[in-house]
Amino acid sequence: MSLTSFLPDQPQVDRSVGDRVRADYERFAREGLPERIEEYLLQRYDLDVSTHYAGVPIANPWGKASGQLSMTARQVTEDVEAGLGFVVLKTVIAEDAVGGQSMRDWAVKESRMVAERITGRSGKEGWTISWKGRGWWQSFDEYLELVREARRIAAGSGTLIVPSCKFHLPTPAEDSWKTDEYRCTTTRLLEAWHEPVESRGSRVESQNSGLRLSADPQPSTLNPQPGSTLNPQPVMPLEKDFSPTLAGSDRAAQQAKILEWLTVVPRLVRESVPAGSVRVGLKLFNALFDDEFQLQMLRTIHSAAGDSRPDYFVYGNRLFDPDREFDGHRGIAYGGPDLSDRNLRVMAAFQRNDEPRPLEWSATGNITTGRMALEYALRGASSFQLHTFFQLPADQYASVVGSKTAKALCELYFHPQTGLVVWMHHLAERLALDRAPIRLRDVIGRGPVETA
Ligand SMILES: Cc1cc2nc3c(=O)[nH]c(=O)nc-3n(C[C@H](O)[C@H](O)[C@H](O)COP(=O)(O)O)c2cc1C
């Protein structure tokens with residue numbers, strides 16, 4: 001066992017489970033997944049996949065990570081129809097009351113985007129998406145319309161809609177924060193998120209009760225029972241995307257500034273809106289420094305108190321290779337096996353320190369199998385957000401039915417060697433989990449697993 005792999009290469013499960021999974025994989029590849037997949041998993045495999053994101057109960061752990069695949073109503077519709085637990089919308093660039101954007105260099109449209117094979121340093125094969133764009137490049141009003149539309153589409157479905165934003169971050173040479181950007185952007189995102197929506201069953205959901213929400217910012221439970229009402233409390237989760245450009249500053253100044261950002265941002269977002277109306281999630285990035293600095297970022301957010309402490313975090317956004325080239329451009333972000341190796345190594349090292357008050361977190365980075373998702377869950381992740389795996393060429397999925405999201409879910413749940421179902425059964429045995437039902441929630445944060 002190593003820090004990058006708590007699980008063996010092959011799952012060990014009863015033959016009857018293996019046979020059922022193989023039959024289901026073939027059938028669902030031809031016919032599409034059952035509509036009520038969570039019920040099906042419960043009945044046929046004693047498996048409860050409900051969990052939580054940002055303290056909000058969700059029916060299953062799968063989410064769309066922020067990016068080019070969550071920019072339109074059509075994409076959100078496909079994801080809601082496929083039954084994702086949550087969708088994080090593309091990152092919008094914050095603006096102040098007169099439309100000023102200090103991070104406007106990030107509002108760049110992608111010109112070309114390709115899924116490429118990549119070999120990690122370990123020799124493992126995987127995929128990465130190469131492209132040149134950055135954040136949302138249309139107007140802020142158009143983004144607000146996307147938020148409203150996404151909420152309408154998702155109403156009554158159980159899929160949680162999460163905006164993502166890049167706010168002003170001062171450079172090491174700057175002392176002041178553009179708090180106006182935080183206030184204007186968060187306020188307007190919250191208003192859009194709370195607009196009354198017509199649910200799919202044409203029931204009008206009164207989501208404007210938002211201002212009552214402030215009374216109880218905490219979820220009533222982080223361990224919802226199957227069948228419990230999903231997403232009951234209308235508190236808006238918000239991911240803050242950190243992808244810094246600090247080129248030109250020296251290393252120590254950069255590091256000190258990044259650590260300052262991590263504690264100031266949650267407070268500024270919270271101060272922008274009524275108390276308890278937003279849950280702040282920091283999407284941590286892989287900085288150009290060593291693992292020790294990643295651990296320092298994690299320790300910083302965990303030791304923050306009061307309003308400076310985020311509600312949750314996302315770990316960890318893509319790696320950056322200053323020498324990698326794409327489309328005549330040198331220096332691009334990349335993913336694949338090196339990304340998951342690094343994330344898993346860092347989170348395992350962090351977990352070994354036995355943080356007394358662990359924050360909830362959502363995993364991102366090369367999640368292409370149920371097995372990989374569970375590697376993250378064993379290190380404490382309660383949900384999984386994917387981008388690359390929803391964007392592969394069609395021949396990479398066994399399923400021939402539905403959207404890429406639906407095809408990807410068929411692999412993630414039912415692949416006979418790498419799917420969540422066989423690996424949950426493997427873990428039920430190894431961790432002596434309660435079997436009535438076997439709960440994903442019981443795996444979260446369990447750490448390394450003894451081999452047989
Ligand atoms: C084309 C592309 C666009 C992305 N755009 C964003 C973004 O706007 N905001 C953000 O927080 N992350 C963005 N990401 C990062 C993804 O959300 C995700 O965290 C990362 O790609 C790791 O997951 P993956 O290995 O499943 O792709 C983007 C990634 C890709 C490939």
# chains A, B, ... in the order shown; residues from 1 in each chain; ligands from 1
$ residues_near_ligand --ligand "ligand 1" --cutoff "6 Å" --atoms "only C-alpha atoms and all ligand atoms" --output "short mmCIF file (atom, residue, chain, number, x, y, z; two decimals) with C-alpha atoms, in the first residue's frame"
data_model
loop_
_atom_site.label_atom_id
_atom_site.label_comp_id
_atom_site.auth_asym_id
_atom_site.auth_seq_id
_atom_site.Cartn_x
_atom_site.Cartn_y
_atom_site.Cartn_z
CA ALA A 65 -16.98 20.01 -12.02
CA SER A 66 -16.97 23.65 -13.08
CA GLY A 67 -15.89 24.19 -16.67
CA GLN A 68 -16.83 24.09 -20.34
CA LYS A 90 -18.62 27.48 -15.07
CA THR A 91 -16.58 30.04 -13.09
CA ILE A 129 -8.10 18.11 -21.66
CA GLY A 135 -13.37 31.75 -17.09
CA ASP A 241 -12.04 29.15 -7.81
CA ASN A 317 -7.58 21.64 -9.27
CA ARG A 318 -5.25 20.83 -12.14
CA GLY A 335 -4.64 16.50 -15.46
CA THR A 364 -11.71 16.57 -8.12
CA GLY A 365 -8.89 15.25 -10.29
CA ASN A 366 -8.71 12.30 -12.66
CA ILE A 367 -11.80 10.56 -11.30
CA LEU A 386 -15.54 15.28 -12.69
CA HIS A 387 -14.76 17.17 -15.85
CA THR A 388 -12.43 15.14 -18.09
CA PHE A 389 -14.33 11.86 -17.78
#
$ select_by_dssp --residues "range 367-411 of chain A" --states "strand (DSSP E or B)" --output "list in words"
Ala381, Ser382, Ser383, Phe384, Gln385 and Leu386 of chain A
$ write_last_selection --atoms "N, CA and C atoms" --output "mmCIF file, in the first residue's frame"
data_model
loop_
_atom_site.group_PDB
_atom_site.id
_atom_site.type_symbol
_atom_site.label_atom_id
_atom_site.label_comp_id
_atom_site.auth_asym_id
_atom_site.auth_seq_id
_atom_site.Cartn_x
_atom_site.Cartn_y
_atom_site.Cartn_z
ATOM 1 N N ALA A 381 -13.159 12.531 1.257
ATOM 2 C CA ALA A 381 -14.073 13.240 0.340
ATOM 3 C C ALA A 381 -15.478 12.661 0.436
ATOM 4 N N SER A 382 -16.484 13.542 0.478
ATOM 5 C CA SER A 382 -17.865 13.051 0.558
ATOM 6 C C SER A 382 -18.579 13.141 -0.784
ATOM 7 N N SER A 383 -17.940 13.743 -1.783
ATOM 8 C CA SER A 383 -18.550 13.818 -3.118
ATOM 9 C C SER A 383 -17.418 13.898 -4.135
ATOM 10 N N PHE A 384 -17.780 13.659 -5.401
ATOM 11 C CA PHE A 384 -16.762 13.582 -6.455
ATOM 12 C C PHE A 384 -17.194 14.434 -7.634
ATOM 13 N N GLN A 385 -16.333 15.333 -8.073
ATOM 14 C CA GLN A 385 -16.701 16.162 -9.220
ATOM 15 C C GLN A 385 -15.732 15.937 -10.366
ATOM 16 N N LEU A 386 -16.321 15.708 -11.536
ATOM 17 C CA LEU A 386 -15.544 15.282 -12.692
ATOM 18 C C LEU A 386 -15.713 16.267 -13.842
#
$ atom_distance --atom1 "CA of Asp291 in chain A" --atom2 "CA of Thr369 in chain A"
24.7 Å
$ closest_residue --among "A:Pro274, A:Pro8, A:Gly306, A:Pro163" --to "Glu239 in chain A" --atoms "only C-alpha atoms"
A:Pro163
$ residues_around --residues "Arg330 in chain A" --least-positions-apart "6" --cutoff "12 Å" --atoms "only C-alpha atoms" --output "PyMOL selection string"
chain A and resi 130-132+320-324
$ closest_residue --among "A:Ala333, A:Ala305, A:Leu284, A:Met103" --to "Trp361 in chain A" --atoms "only C-alpha atoms"
A:Leu284
$ closest_residue --among "A:Met113, A:Leu268, A:Ala97, A:Leu189" --to "Leu144 in chain A" --atoms "only C-alpha atoms"
A:Leu189
$ residues_around --residues "Thr179 in chain A" --least-positions-apart "3" --cutoff "12 Å" --atoms "only C-alpha atoms" --output "JSON, numbers by chain"
{"A": [94, 95, 96, 97, 101, 102, 167, 168, 169, 170, 176, 182, 183, 184, 185, 186, 264, 265, 266, 267, 268, 269, 270, 271, 272]}
$ residues_around --residues "range 258-261 of chain A" --least-positions-apart "2" --cutoff "10 Å" --atoms "only C-alpha atoms" --output "list in words"
His168, Leu169, Pro170, Thr171, Pro172, Trp177, Phe242, Pro244, Leu246, Ala252, Ala253, Gln254, Gln255, Ala256, Thr263, Val264, Val265, Pro266, Ala287, Phe293, Gln296, Met297, Leu298, Arg299, Thr300 and Ile301 of chain A
$ residues_around --residues "Pro393 in chain A" --least-positions-apart "2" --cutoff "12 Å" --atoms "only C-alpha atoms" --output "list in words"
Val114, Ala115, Glu116, Arg117, Trp127, Thr128, Ile129, Thr388, Phe389, Phe390, Gln391, Asp395, Gln396, Tyr397, Ala398, Val400, Lys404, Lys407 and Ala408 of chain A
$ atom_distance --atom1 "CA of Leu238 in chain A" --atom2 "CA of Leu288 in chain A"
25.1 Å
$ select_by_dssp --residues "range 83-328 of chain A" --states "helix (DSSP H, G or I)" --output "PyMOL selection string"
chain A and resi 104-106+140-154+179-194+207-215+251-271+291-303+306-308
